[in-house]
file entry-v5.csv (CSV, C-alpha atoms)
chain,number,residue,atom,x,y,z
A,744,MET,CA,28.7,-28.0,-38.0
A,745,ARG,CA,31.2,-30.4,-39.6
A,746,ARG,CA,28.4,-32.3,-41.1
A,747,ALA,CA,26.7,-29.1,-42.4
A,748,VAL,CA,30.1,-28.1,-44.0
A,749,ALA,CA,30.6,-31.5,-45.6
A,750,ALA,CA,27.0,-31.6,-46.7
A,751,ALA,CA,27.2,-28.1,-48.3
A,752,LEU,CA,30.3,-29.1,-50.3
A,753,ALA,CA,28.9,-32.4,-51.3
A,754,ALA,CA,25.7,-30.7,-52.5
A,755,SER,CA,27.6,-28.1,-54.5
A,756,ALA,CA,29.7,-30.9,-56.1
A,757,GLU,CA,26.5,-32.7,-57.0
A,758,ARG,CA,25.0,-29.5,-58.5
A,759,ARG,CA,28.4,-28.8,-60.2
A,760,GLU,CA,28.6,-25.3,-58.8
A,761,ALA,CA,31.8,-23.6,-57.6
A,762,ALA,CA,32.3,-23.5,-53.8
A,763,ALA,CA,35.3,-23.0,-51.6
A,764,LEU,CA,36.2,-24.2,-48.1
A,765,LEU,CA,38.2,-22.0,-45.7
A,766,SER,CA,40.2,-23.8,-43.1
A,767,VAL,CA,42.5,-22.4,-40.4
A,768,LEU,CA,46.1,-23.6,-40.8
A,769,LYS,CA,47.5,-21.5,-38.1
A,770,ALA,CA,46.1,-19.0,-35.6
A,771,THR,CA,47.9,-17.0,-32.9
A,772,GLY,CA,46.9,-14.4,-30.3
A,773,ALA,CA,43.4,-13.1,-30.7
A,774,PHE,CA,42.8,-15.5,-33.5
A,775,ASP,CA,43.5,-18.5,-31.4
A,776,ALA,CA,39.8,-19.3,-30.9
A,777,GLN,CA,39.5,-19.9,-34.7
A,778,GLN,CA,41.6,-23.1,-34.6
A,779,GLY,CA,39.7,-25.9,-36.1
A,780,ARG,CA,36.9,-23.7,-37.5
A,781,ARG,CA,35.9,-23.6,-41.1
A,782,LEU,CA,33.5,-22.0,-43.6
A,783,VAL,CA,32.0,-22.7,-47.0
A,784,LEU,CA,31.4,-19.9,-49.4
A,785,TRP,CA,30.2,-19.5,-53.0
A,786,LEU,CA,30.9,-17.0,-55.8
A,787,ASP,CA,27.7,-15.2,-55.1
A,788,GLU,CA,26.7,-13.6,-51.8
A,789,ARG,CA,24.5,-16.3,-50.4
A,790,PRO,CA,24.9,-17.0,-46.7
A,791,THR,CA,28.1,-18.9,-45.8
A,792,VAL,CA,28.0,-22.2,-43.9
A,793,GLY,CA,30.4,-22.6,-41.0
A,794,ASP,CA,31.7,-21.2,-37.8
A,795,LEU,CA,34.8,-19.2,-38.9
A,796,ASP,CA,34.5,-15.7,-37.5
A,797,LEU,CA,37.2,-13.2,-38.2
A,798,GLY,CA,35.4,-10.2,-37.0
A,799,ALA,CA,36.5,-7.1,-38.9
A,800,LEU,CA,38.6,-9.2,-41.2
A,801,GLN,CA,35.7,-11.4,-42.3
A,802,ARG,CA,34.7,-9.3,-45.3
A,803,ARG,CA,38.2,-9.1,-46.7
A,804,ALA,CA,38.9,-12.9,-46.2
A,805,LEU,CA,35.7,-13.8,-48.0
A,806,ASP,CA,36.5,-11.5,-50.9
A,807,ASP,CA,40.1,-12.9,-51.1
A,808,ALA,CA,38.6,-16.5,-51.0
A,809,ARG,CA,36.1,-15.7,-53.8
A,810,ALA,CA,39.0,-14.3,-55.9
A,811,ALA,CA,40.9,-17.6,-55.4
A,812,LEU,CA,37.7,-19.6,-56.4
A,813,GLN,CA,37.2,-17.4,-59.5
A,814,ALA,CA,40.9,-18.2,-60.4
A,815,ARG,CA,40.3,-21.9,-59.7
A,816,ARG,CA,43.4,-21.9,-57.5
A,817,HIS,CA,43.9,-23.3,-54.0
A,818,THR,CA,45.5,-20.5,-52.0
A,819,GLN,CA,46.9,-19.7,-48.6
A,820,LEU,CA,45.8,-16.4,-47.1
A,821,VAL,CA,47.8,-14.8,-44.4
A,822,TYR,CA,46.5,-11.9,-42.2
A,823,ARG,CA,48.3,-10.1,-39.4
A,824,VAL,CA,46.8,-7.7,-36.9
A,825,GLY,CA,49.4,-6.4,-34.6
A,826,ASN,CA,51.3,-9.5,-33.4
A,827,ASP,CA,48.4,-11.8,-34.1
A,828,GLU,CA,48.4,-13.9,-37.2
A,829,ILE,CA,46.0,-16.2,-38.9
A,830,VAL,CA,46.8,-18.4,-41.9
A,831,LEU,CA,43.8,-19.7,-43.9
A,832,PHE,CA,43.7,-22.3,-46.6
A,833,VAL,CA,41.2,-21.7,-49.4
A,834,GLU,CA,40.4,-25.1,-51.0
A,835,VAL,CA,38.6,-24.5,-54.2
A,836,GLN,CA,36.0,-26.8,-55.6
A,837,PRO,CA,35.6,-25.2,-59.0
A,838,GLN,CA,32.8,-25.9,-61.4
A,839,PRO,CA,33.8,-29.0,-63.4
A,840,TYR,CA,34.7,-28.6,-67.0
A,841,HIS,CA,32.0,-29.6,-69.5
A,842,LEU,CA,33.2,-31.7,-72.4
A,843,ILE,CA,30.8,-31.8,-75.4
A,844,ILE,CA,31.7,-34.6,-77.7
A,845,ALA,CA,30.1,-34.1,-81.2
A,846,GLY,CA,29.9,-37.5,-82.9
A,847,ALA,CA,29.1,-40.7,-81.0
A,848,GLY,CA,31.5,-43.0,-83.0
A,849,HIS,CA,34.4,-45.2,-82.2
A,850,VAL,CA,36.6,-42.5,-80.6
A,851,ALA,CA,33.8,-40.8,-78.7
A,852,ALA,CA,33.0,-43.9,-76.6
A,853,PRO,CA,36.4,-44.3,-74.9
A,854,LEU,CA,36.7,-40.5,-74.8
A,855,ALA,CA,33.4,-40.1,-72.9
A,856,ALA,CA,34.4,-42.9,-70.5
A,857,MET,CA,37.8,-41.5,-69.7
A,858,ALA,CA,36.6,-38.0,-69.4
A,859,ALA,CA,34.0,-39.1,-66.8
A,860,ILE,CA,36.8,-40.8,-64.8
A,861,CYS,CA,38.7,-37.4,-64.9
A,862,ASP,CA,35.7,-35.6,-63.5
A,863,PHE,CA,34.4,-33.9,-66.6
A,864,LYS,CA,30.8,-33.4,-67.1
A,865,VAL,CA,30.2,-35.2,-70.4
A,866,THR,CA,27.6,-34.5,-73.1
A,867,VAL,CA,27.5,-36.6,-76.3
A,868,LEU,CA,25.8,-35.4,-79.4
A,869,ASP,CA,24.9,-37.2,-82.6
A,870,ASP,CA,22.1,-37.5,-85.1
A,871,ARG,CA,22.1,-41.3,-85.0
A,872,PRO,CA,20.2,-42.9,-82.1
A,873,GLN,CA,21.8,-46.2,-82.8
A,874,TYR,CA,25.2,-44.6,-81.8
A,875,ALA,CA,24.2,-42.0,-79.3
A,876,ASN,CA,22.6,-44.1,-76.6
A,877,LYS,CA,23.0,-45.1,-73.0
A,878,GLU,CA,24.3,-48.6,-73.9
A,879,ARG,CA,27.3,-47.1,-75.7
A,880,PHE,CA,27.8,-44.2,-73.3
A,881,PRO,CA,26.8,-45.5,-69.8
A,882,THR,CA,28.8,-42.8,-68.0
A,883,ALA,CA,27.8,-39.7,-70.0
A,884,ASP,CA,25.8,-37.1,-68.2
A,885,HIS,CA,23.7,-36.2,-71.3
A,886,ILE,CA,23.2,-37.9,-74.6
A,887,ILE,CA,21.5,-35.8,-77.2
A,888,VAL,CA,20.1,-37.1,-80.5
A,889,GLY,CA,19.3,-34.5,-83.2
A,890,PRO,CA,20.8,-32.3,-85.9
A,891,PHE,CA,24.3,-31.3,-84.9
A,892,ARG,CA,24.3,-27.6,-85.2
A,893,GLU,CA,20.8,-27.0,-84.0
A,894,GLU,CA,21.4,-29.2,-80.9
A,895,LEU,CA,24.7,-27.6,-80.2
A,896,ARG,CA,23.1,-24.2,-80.3
A,897,LYS,CA,20.5,-25.4,-77.8
A,898,LEU,CA,23.3,-26.6,-75.5
A,899,ARG,CA,24.3,-23.0,-74.9
A,900,GLY,CA,21.1,-22.9,-72.8
A,901,GLY,CA,19.9,-19.4,-73.7
A,902,ARG,CA,23.3,-17.8,-73.2
A,903,PRO,CA,24.8,-16.1,-76.3
A,904,VAL,CA,28.0,-18.1,-76.1
A,905,PHE,CA,29.5,-21.1,-74.4
A,906,ASP,CA,31.4,-20.3,-71.3
A,907,PRO,CA,35.1,-20.8,-70.5
A,908,HIS,CA,34.2,-24.1,-68.6
A,909,THR,CA,33.3,-25.7,-71.9
A,910,CYS,CA,35.5,-28.0,-74.0
A,911,LEU,CA,34.5,-29.2,-77.5
A,912,ALA,CA,35.7,-32.3,-79.3
A,913,LEU,CA,34.5,-32.3,-82.9
A,914,VAL,CA,34.7,-36.0,-83.9
A,915,THR,CA,31.7,-36.6,-86.1
A,916,ARG,CA,31.6,-39.1,-88.9
A,917,GLY,CA,31.8,-36.5,-91.6
A,918,HIS,CA,34.1,-33.5,-92.0
A,919,GLN,CA,31.3,-31.3,-93.1
A,920,TYR,CA,29.6,-31.7,-89.7
A,921,ASP,CA,32.8,-30.9,-87.8
A,922,VAL,CA,33.3,-27.7,-89.9
A,923,ASP,CA,29.7,-26.7,-89.5
A,924,LEU,CA,30.0,-27.0,-85.7
A,925,LEU,CA,33.3,-25.2,-85.7
A,926,LEU,CA,31.8,-22.2,-87.5
A,927,GLU,CA,29.0,-22.2,-84.9
A,928,VAL,CA,31.5,-21.9,-81.9
A,929,LEU,CA,34.4,-20.1,-83.5
A,930,ASP,CA,33.9,-16.9,-81.5
A,931,ASP,CA,32.8,-18.5,-78.2
A,932,PRO,CA,35.3,-18.1,-75.3
A,933,VAL,CA,35.5,-21.9,-74.7
A,934,ALA,CA,38.4,-23.5,-73.0
A,935,TYR,CA,39.2,-26.0,-75.8
A,936,ILE,CA,38.2,-26.8,-79.3
A,937,GLY,CA,39.6,-29.8,-81.1
A,938,MET,CA,38.7,-31.2,-84.5
A,939,ILE,CA,39.5,-34.5,-86.0
A,940,GLY,CA,41.0,-35.0,-89.4
A,941,SER,CA,44.3,-35.4,-91.2
A,942,ARG,CA,46.7,-32.5,-91.4
A,943,ARG,CA,46.2,-32.2,-95.1
A,944,ARG,CA,42.5,-32.3,-94.9
A,945,ILE,CA,42.4,-29.7,-92.2
A,946,ARG,CA,44.7,-27.3,-94.0
A,947,ALA,CA,42.5,-27.6,-97.0
A,948,VAL,CA,39.4,-26.8,-94.9
A,949,PHE,CA,40.9,-23.8,-93.3
A,950,ASP,CA,42.1,-22.5,-96.7
A,951,LEU,CA,38.7,-22.9,-98.1
A,952,LEU,CA,37.0,-21.1,-95.2
A,953,GLU,CA,39.5,-18.3,-95.4
A,954,ARG,CA,38.9,-17.9,-99.2
A,955,GLU,CA,35.2,-18.5,-99.5
A,956,ARG,CA,33.9,-17.3,-96.2
A,957,ASN,CA,36.4,-14.5,-95.5
A,958,ILE,CA,37.2,-15.9,-92.1
A,959,PRO,CA,40.6,-14.5,-90.9
A,960,ARG,CA,43.2,-17.2,-90.5
A,961,HIS,CA,44.1,-16.3,-86.9
A,962,LYS,CA,40.6,-17.4,-85.8
A,963,PHE,CA,41.7,-21.0,-86.4
A,964,ASP,CA,44.8,-20.6,-84.3
A,965,ARG,CA,43.2,-21.9,-81.1
A,966,VAL,CA,41.6,-24.8,-82.9
A,967,HIS,CA,43.4,-28.0,-82.0
A,968,ALA,CA,43.5,-29.8,-85.3
A,969,PRO,CA,44.4,-32.5,-86.0
A,970,ILE,CA,42.9,-33.2,-82.6
A,971,GLY,CA,45.0,-34.8,-79.8
A,972,LEU,CA,48.6,-34.9,-78.7
A,973,ASP,CA,50.9,-36.6,-81.2
A,974,ILE,CA,51.6,-39.8,-79.3
A,975,GLY,CA,51.4,-42.1,-82.2
A,976,ALA,CA,47.9,-43.2,-81.3
A,977,GLN,CA,46.4,-45.9,-83.5
A,978,THR,CA,43.3,-47.4,-82.1
A,979,PRO,CA,40.2,-45.4,-81.2
A,980,SER,CA,41.0,-45.8,-77.5
A,981,GLU,CA,44.5,-44.6,-78.0
A,982,ILE,CA,43.2,-41.6,-80.0
A,983,ALA,CA,40.8,-40.9,-77.1
A,984,VAL,CA,43.8,-40.9,-74.7
A,985,ALA,CA,45.6,-38.4,-77.0
A,986,ILE,CA,42.6,-36.1,-77.1
A,987,LEU,CA,42.0,-36.1,-73.3
A,988,ALA,CA,45.7,-35.6,-72.7
A,989,GLU,CA,45.6,-32.6,-74.9
A,990,ILE,CA,42.5,-31.1,-73.2
A,991,ILE,CA,44.1,-31.6,-69.8
A,992,ALA,CA,47.3,-29.9,-71.0
A,993,VAL,CA,45.4,-26.9,-72.3
A,994,LEU,CA,43.3,-26.6,-69.2
A,995,HIS,CA,46.5,-26.5,-67.1
A,996,GLY,CA,48.2,-24.0,-69.3
A,997,ARG,CA,50.8,-26.4,-70.6
A,998,SER,CA,52.2,-26.7,-74.0
A,999,THR,CA,50.6,-29.2,-76.3
A,1000,LYS,CA,53.9,-30.0,-78.0
A,1001,LEU,CA,55.4,-33.2,-76.7
A,1002,LYS,CA,58.7,-33.0,-74.8
B,569,MET,CA,31.5,-38.0,-62.7
B,570,ALA,CA,32.8,-40.0,-59.7
B,571,ALA,CA,31.3,-39.5,-56.2
B,572,SER,CA,32.8,-36.3,-54.8
B,573,PHE,CA,35.3,-36.2,-52.0
B,574,TYR,CA,32.8,-34.4,-49.8
B,575,SER,CA,29.9,-36.8,-50.5
B,576,GLN,CA,32.2,-39.6,-49.3
B,577,LEU,CA,33.1,-37.6,-46.2
B,578,GLN,CA,29.5,-36.8,-45.5
B,579,LYS,CA,28.6,-40.5,-45.8
B,580,LEU,CA,31.2,-41.4,-43.2
B,581,LEU,CA,30.1,-38.7,-40.8
B,582,ASP,CA,26.5,-39.7,-41.3
B,583,GLU,CA,27.5,-43.2,-40.3
B,584,GLY,CA,28.7,-41.7,-37.0
B,585,LEU,CA,32.4,-42.2,-37.8
B,586,THR,CA,35.1,-39.7,-36.8
B,587,VAL,CA,37.8,-39.4,-39.4
B,588,ALA,CA,40.9,-37.3,-40.2
B,589,VAL,CA,41.2,-35.3,-43.4
B,590,ALA,CA,44.6,-34.6,-44.9
B,591,THR,CA,45.1,-31.9,-47.5
B,592,ILE,CA,48.2,-30.8,-49.3
B,593,VAL,CA,48.4,-27.1,-48.6
B,594,GLN,CA,51.8,-26.2,-50.0
B,595,VAL,CA,54.4,-27.8,-52.3
B,596,LYS,CA,57.9,-26.9,-53.3
B,597,GLY,CA,59.8,-28.7,-56.1
B,598,SER,CA,58.6,-31.9,-57.7
B,599,THR,CA,55.9,-33.7,-55.7
B,600,PRO,CA,53.7,-36.7,-56.5
B,601,ARG,CA,50.5,-34.7,-56.1
B,602,GLU,CA,49.3,-31.2,-56.2
B,603,VAL,CA,48.1,-28.6,-53.7
B,604,GLY,CA,44.5,-29.4,-52.8
B,605,ALA,CA,44.9,-33.2,-53.1
B,606,LYS,CA,43.0,-34.8,-50.2
B,607,MET,CA,42.7,-38.0,-48.3
B,608,ILE,CA,40.4,-39.3,-45.6
B,609,ILE,CA,42.2,-41.2,-42.9
B,610,HIS,CA,39.7,-43.8,-41.7
B,611,PRO,CA,40.0,-45.2,-38.1
B,612,TYR,CA,39.8,-48.8,-39.4
B,613,GLY,CA,42.1,-48.3,-42.3
B,614,LYS,CA,39.6,-47.8,-45.1
B,615,HIS,CA,41.3,-44.7,-46.3
B,616,VAL,CA,39.9,-42.7,-49.2
B,617,GLY,CA,41.9,-40.8,-51.8
B,618,THR,CA,45.7,-40.2,-51.8
B,619,VAL,CA,48.2,-37.5,-51.0
B,620,GLY,CA,50.9,-39.2,-53.1
B,621,GLY,CA,51.3,-42.7,-51.8
B,622,GLY,CA,54.5,-44.3,-50.6
B,623,CYS,CA,56.3,-43.5,-47.3
B,624,GLY,CA,55.2,-39.9,-47.3
B,625,GLU,CA,51.6,-41.0,-47.2
B,626,ALA,CA,52.4,-43.5,-44.5
B,627,ASP,CA,53.7,-40.6,-42.3
B,628,VAL,CA,50.4,-38.7,-43.1
B,629,ILE,CA,48.3,-41.7,-42.0
B,630,ARG,CA,50.3,-42.2,-38.8
B,631,THR,CA,49.9,-38.5,-37.9
B,632,GLY,CA,46.3,-38.7,-39.0
B,633,LEU,CA,45.7,-41.4,-36.3
B,634,ASP,CA,47.2,-39.0,-33.7
B,635,VAL,CA,44.9,-36.3,-34.9
B,636,LEU,CA,42.0,-38.7,-34.6
B,637,ALA,CA,43.0,-39.5,-31.0
B,638,ASP,CA,43.5,-36.0,-29.6
B,639,GLY,CA,41.6,-33.7,-32.1
B,640,GLN,CA,44.6,-31.3,-32.5
B,641,PRO,CA,45.1,-30.3,-36.1
B,642,ARG,CA,48.7,-30.7,-37.3
B,643,THR,CA,50.7,-29.9,-40.4
B,644,VAL,CA,53.1,-32.6,-41.5
B,645,ARG,CA,56.1,-31.7,-43.7
B,646,ILE,CA,57.0,-34.5,-46.1
B,647,ASP,CA,60.5,-34.2,-47.5
B,648,LEU,CA,61.3,-36.0,-50.7
B,649,THR,CA,64.6,-34.4,-51.4
B,650,GLU,CA,66.9,-37.1,-50.4
B,651,PRO,CA,69.6,-38.1,-52.9
B,652,ILE,CA,68.4,-40.8,-55.4
B,653,SER,CA,69.5,-44.2,-54.2
B,654,MET,CA,68.1,-47.6,-53.7
B,655,GLN,CA,67.6,-46.9,-50.0
B,656,SER,CA,66.0,-43.4,-50.1
B,657,MET,CA,62.4,-43.1,-49.2
B,658,GLY,CA,61.3,-40.5,-51.6
B,659,VAL,CA,63.1,-39.3,-54.8
B,660,CYS,CA,60.6,-36.9,-56.3
B,661,GLY,CA,62.8,-34.0,-55.2
B,662,GLY,CA,60.2,-31.8,-53.5
B,663,VAL,CA,58.7,-30.9,-50.1
B,664,LEU,CA,55.1,-30.9,-49.3
B,665,ASP,CA,53.1,-29.6,-46.3
B,666,VAL,CA,50.0,-31.7,-45.4
B,667,PHE,CA,47.4,-30.2,-43.1
B,668,ILE,CA,45.5,-32.8,-41.1
B,669,GLU,CA,42.3,-32.1,-39.2
B,670,ARG,CA,39.7,-34.2,-37.4
B,671,TRP,CA,36.2,-34.3,-38.7
B,672,ALA,CA,33.7,-35.7,-36.1
B,673,PRO,CA,30.0,-35.9,-36.7
B,674,ASP,CA,29.3,-34.2,-33.4
B,675,ASP,CA,31.9,-31.4,-33.4
B,676,GLU,CA,29.5,-28.6,-32.5
B,677,GLN,CA,31.1,-25.2,-32.4
B,678,THR,CA,29.7,-21.7,-32.2
B,679,GLN,CA,27.7,-20.7,-35.1
B,680,GLY,CA,29.4,-17.8,-36.7
B,681,GLY,CA,30.2,-16.6,-40.2
B,682,GLN,CA,27.7,-14.3,-41.9
call {"tool": "encode", "arguments": {"input": "entry-v5.csv", "output": "structure tokens"}}
result
Amino acid sequence: MRRAVAAALAASAERREAAALLSVLKATGAFDAQQGRRLVLWLDERPTVGDLDLGALQRRALDDARAALQARRHTQLVYRVGNDEIVLFVEVQPQPYHLIIAGAGHVAAPLAAMAAICDFKVTVLDDRPQYANKERFPTADHIIVGPFREELRKLRGGRPVFDPHTCLALVTRGHQYDVDLLLEVLDDPVAYIGMIGSRRRIRAVFDLLERERNIPRHKFDRVHAPIGLDIGAQTPSEIAVAILAEIIAVLHGRSTKLK
Amino acid sequence: MAASFYSQLQKLLDEGLTVAVATIVQVKGSTPREVGAKMIIHPYGKHVGTVGGGCGEADVIRTGLDVLADGQPRTVRIDLTEPISMQSMGVCGGVLDVFIERWAPDDEQTQGGQ
């Protein structure tokens, strides 16, 4: 049973799908037999794996655990029936975030490497095969060579929009590509959009888009531009650190202003 | 992405090893790691992962060896709230509860769930 539980969680991590493990932290009275038991569940209603059996409470516990998984938050669940108590720990193994790096240049290489270390699924996209290749991006999950906007559209995988597990770093060699990609995803509910460029350049671009394409200014509010935390980064690797730090801050709901 | 925690655990169980798994289940105040951080306590010291390092983790490893020996799950409270001084063990300022359970390849229990 232990092996089946570990195998189910390992397989889900491999498939990058959300799963949760329920463990028994404390059990008294009628729940005593549940000590040491556990159960793996998923967001959908497929059969669970494990030996935790809460009887009449099972349905409620599974629903509560799914809610915790949906919220990506490890949670303790406490249930009391008469004088008997059971405390469960919901360990969530959420779907990993997917970082799409548009542009395979000098910043992209260290960014892709560090994002992989931080457990992101990483896709690199560029129209130049001499940059977007396995030699430069040995740890990337996917490397795509092709026209930027067209390939980004394909990455949605048939869905109308990118999901909230997606992060986008627009770091192409030319500002026109970054802007073109930004327009493609401006209404998608992604977790993070960052775009490279100087403050002056970015202000000019947003002004232009507002004026000539009638895009309301507030739509740019969630775009992190210039991309990355202001840590005085100079080299491409330092800039990659600043970008990844900003993404992590946004994903954890922290301010992207430095203390 | 790096090999997942559970693929590493699965590998150890497949090798026939019994290990203890420690998980941070609750924190108060400032702690070195977050709820959900996990560590495998390996019978021969080849531990995997970290619940924050330092003396607190040493306590967890010691308790993990007890859990390995008798199979009884335990919750360890690590208190890092001592005043800051050269002698103090932990100065993060928080308290964390670490749940430790034994995982053996042959722990067969009743098939339940649904």
call {"tool": "atom_distance", "arguments": {"input": "entry-v5.csv", "atom1": "atom CA of A:Glu953", "atom2": "atom CA of A:Ile939"}}
result
18.7 Å
call {"tool": "residues_around", "arguments": {"input": "entry-v5.csv", "residues": "stretch 875-880 of chain A", "least_positions_apart": "4", "cutoff": "9 Å", "atoms": "all atoms listed in the file", "output": "list in words"}}
result
Gly846, Ala847, Gly848, Ala851, Ala852, Pro853, Ala855, Ala856, Val867, Leu868, Asp869, Asp870, Arg871, Asp884, Ile886, Ile887 and Val888 of chain A
call {"tool": "residues_around", "arguments": {"input": "entry-v5.csv", "residues": "stretch 932-934 of chain A", "least_positions_apart": "5", "cutoff": "7 Å", "atoms": "only C-alpha atoms", "output": "VMD selection string"}}
result
chain A and resid 905 to 910 994
call {"tool": "residues_around", "arguments": {"input": "entry-v5.csv", "residues": "B:Thr586", "least_positions_apart": "2", "cutoff": "12 Å", "atoms": "only C-alpha atoms", "output": "VMD selection string"}}
result
(chain A and resid 745 to 746) or (chain B and resid 577 to 584 588 to 589 608 to 612 632 to 633 635 to 639 669 to 675)
call {"tool": "residues_around", "arguments": {"input": "entry-v5.csv", "residues": "B:Tyr574", "least_positions_apart": "2", "cutoff": "6 Å", "atoms": "only C-alpha atoms", "output": "list in words"}}
result
Ala749, Leu752 and Ala753 of chain A; Ser572, Gln576, Leu577 and Gln578 of chain B
call {"tool": "interface_residues", "arguments": {"input": "entry-v5.csv", "of": "chain A", "to": "chain B", "cutoff": "9 Å", "atoms": "all atoms listed in the file", "output": "PyMOL selection string"}}
result
chain A and resi 744-754+756-757+768+778-780+782+790-798+801+816-819+832+834-835+858-865+882-884
call {"tool": "residues_around", "arguments": {"input": "entry-v5.csv", "residues": "A:Arg965", "least_positions_apart": "6", "cutoff": "12 Å", "atoms": "all atoms listed in the file", "output": "list in words"}}
result
Leu911, Leu925, Val928, Leu929, Asp930, Asp931, Pro932, Val933, Ala934, Tyr935, Ile936, Gly937, Met938, Val993 and Thr999 of chain A
call {"tool": "atom_distance", "arguments": {"input": "entry-v5.csv", "atom1": "atom CA of A:Asp964", "atom2": "atom CA of A:Ala845"}}
result
20.2 Å
call {"tool": "atom_distance", "arguments": {"input": "entry-v5.csv", "atom1": "atom CA of A:Asp923", "atom2": "atom CA of A:Ile986"}}
result
20.2 Å
call {"tool": "closest_residue", "arguments": {"input": "entry-v5.csv", "among": "A:Ala799, A:Ala770, A:Ala761, A:Leu972", "to": "A:Asp787", "atoms": "only C-alpha atoms"}}
result
A:Ala761
call {"tool": "closest_residue", "arguments": {"input": "entry-v5.csv", "among": "A:His885, A:Tyr920, A:Leu913, A:Gly901", "to": "A:Val850", "atoms": "all atoms listed in the file"}}
result
A:Leu913
call {"tool": "closest_residue", "arguments": {"input": "entry-v5.csv", "among": "B:Ala590, B:Leu664, B:Val616, B:Val595", "to": "B:Arg630", "atoms": "all atoms listed in the file"}}
result
B:Ala590
call {"tool": "build_atoms", "arguments": {"input": "entry-v5.csv", "residues": "stretch 601-617 of chain B", "atoms": "N, CA and C atoms", "output": "PDB file, in the coordinates of the input"}}
result
ATOM      1  N   ARG B 601      51.837 -35.315 -55.804  1.00  0.00           N
ATOM      2  CA  ARG B 601      50.500 -34.700 -56.100  1.00  0.00           C
ATOM      3  C   ARG B 601      50.510 -33.254 -55.798  1.00  0.00           C
ATOM      4  N   GLU B 602      49.401 -32.614 -56.140  1.00  0.00           N
ATOM      5  CA  GLU B 602      49.300 -31.200 -56.200  1.00  0.00           C
ATOM      6  C   GLU B 602      48.675 -30.579 -54.961  1.00  0.00           C
ATOM      7  N   VAL B 603      48.829 -29.278 -54.786  1.00  0.00           N
ATOM      8  CA  VAL B 603      48.100 -28.600 -53.700  1.00  0.00           C
ATOM      9  C   VAL B 603      46.623 -28.825 -53.867  1.00  0.00           C
ATOM     10  N   GLY B 604      45.970 -29.134 -52.766  1.00  0.00           N
ATOM     11  CA  GLY B 604      44.500 -29.400 -52.800  1.00  0.00           C
ATOM     12  C   GLY B 604      44.189 -30.875 -52.833  1.00  0.00           C
ATOM     13  N   ALA B 605      45.179 -31.741 -53.106  1.00  0.00           N
ATOM     14  CA  ALA B 605      44.900 -33.200 -53.100  1.00  0.00           C
ATOM     15  C   ALA B 605      44.520 -33.582 -51.655  1.00  0.00           C
ATOM     16  N   LYS B 606      43.548 -34.477 -51.530  1.00  0.00           N
ATOM     17  CA  LYS B 606      43.000 -34.800 -50.200  1.00  0.00           C
ATOM     18  C   LYS B 606      42.872 -36.265 -49.967  1.00  0.00           C
ATOM     19  N   MET B 607      42.822 -36.584 -48.701  1.00  0.00           N
ATOM     20  CA  MET B 607      42.700 -38.000 -48.300  1.00  0.00           C
ATOM     21  C   MET B 607      41.959 -38.046 -46.982  1.00  0.00           C
ATOM     22  N   ILE B 608      41.079 -39.050 -46.877  1.00  0.00           N
ATOM     23  CA  ILE B 608      40.400 -39.300 -45.600  1.00  0.00           C
ATOM     24  C   ILE B 608      41.169 -40.417 -44.893  1.00  0.00           C
ATOM     25  N   ILE B 609      41.568 -40.165 -43.669  1.00  0.00           N
ATOM     26  CA  ILE B 609      42.200 -41.200 -42.900  1.00  0.00           C
ATOM     27  C   ILE B 609      41.125 -41.820 -41.981  1.00  0.00           C
ATOM     28  N   HIS B 610      40.871 -43.084 -42.242  1.00  0.00           N
ATOM     29  CA  HIS B 610      39.700 -43.800 -41.700  1.00  0.00           C
ATOM     30  C   HIS B 610      40.243 -44.564 -40.432  1.00  0.00           C
ATOM     31  N   PRO B 611      39.506 -44.539 -39.325  1.00  0.00           N
ATOM     32  CA  PRO B 611      40.000 -45.200 -38.100  1.00  0.00           C
ATOM     33  C   PRO B 611      40.287 -46.676 -38.274  1.00  0.00           C
ATOM     34  N   TYR B 612      39.582 -47.328 -39.206  1.00  0.00           N
ATOM     35  CA  TYR B 612      39.800 -48.800 -39.400  1.00  0.00           C
ATOM     36  C   TYR B 612      40.560 -49.072 -40.680  1.00  0.00           C
ATOM     37  N   GLY B 613      41.242 -48.055 -41.210  1.00  0.00           N
ATOM     38  CA  GLY B 613      42.100 -48.300 -42.300  1.00  0.00           C
ATOM     39  C   GLY B 613      41.498 -48.260 -43.711  1.00  0.00           C
ATOM     40  N   LYS B 614      40.185 -47.923 -43.765  1.00  0.00           N
ATOM     41  CA  LYS B 614      39.600 -47.800 -45.100  1.00  0.00           C
ATOM     42  C   LYS B 614      39.725 -46.407 -45.611  1.00  0.00           C
ATOM     43  N   HIS B 615      40.978 -46.034 -45.873  1.00  0.00           N
ATOM     44  CA  HIS B 615      41.300 -44.700 -46.300  1.00  0.00           C
ATOM     45  C   HIS B 615      40.701 -44.383 -47.671  1.00  0.00           C
ATOM     46  N   VAL B 616      40.434 -43.098 -47.916  1.00  0.00           N
ATOM     47  CA  VAL B 616      39.900 -42.700 -49.200  1.00  0.00           C
ATOM     48  C   VAL B 616      40.779 -41.612 -49.800  1.00  0.00           C
ATOM     49  N   GLY B 617      41.126 -41.775 -51.082  1.00  0.00           N
ATOM     50  CA  GLY B 617      41.900 -40.800 -51.800  1.00  0.00           C
ATOM     51  C   GLY B 617      43.417 -40.967 -51.472  1.00  0.00           C
TER      52      GLY B 617
END
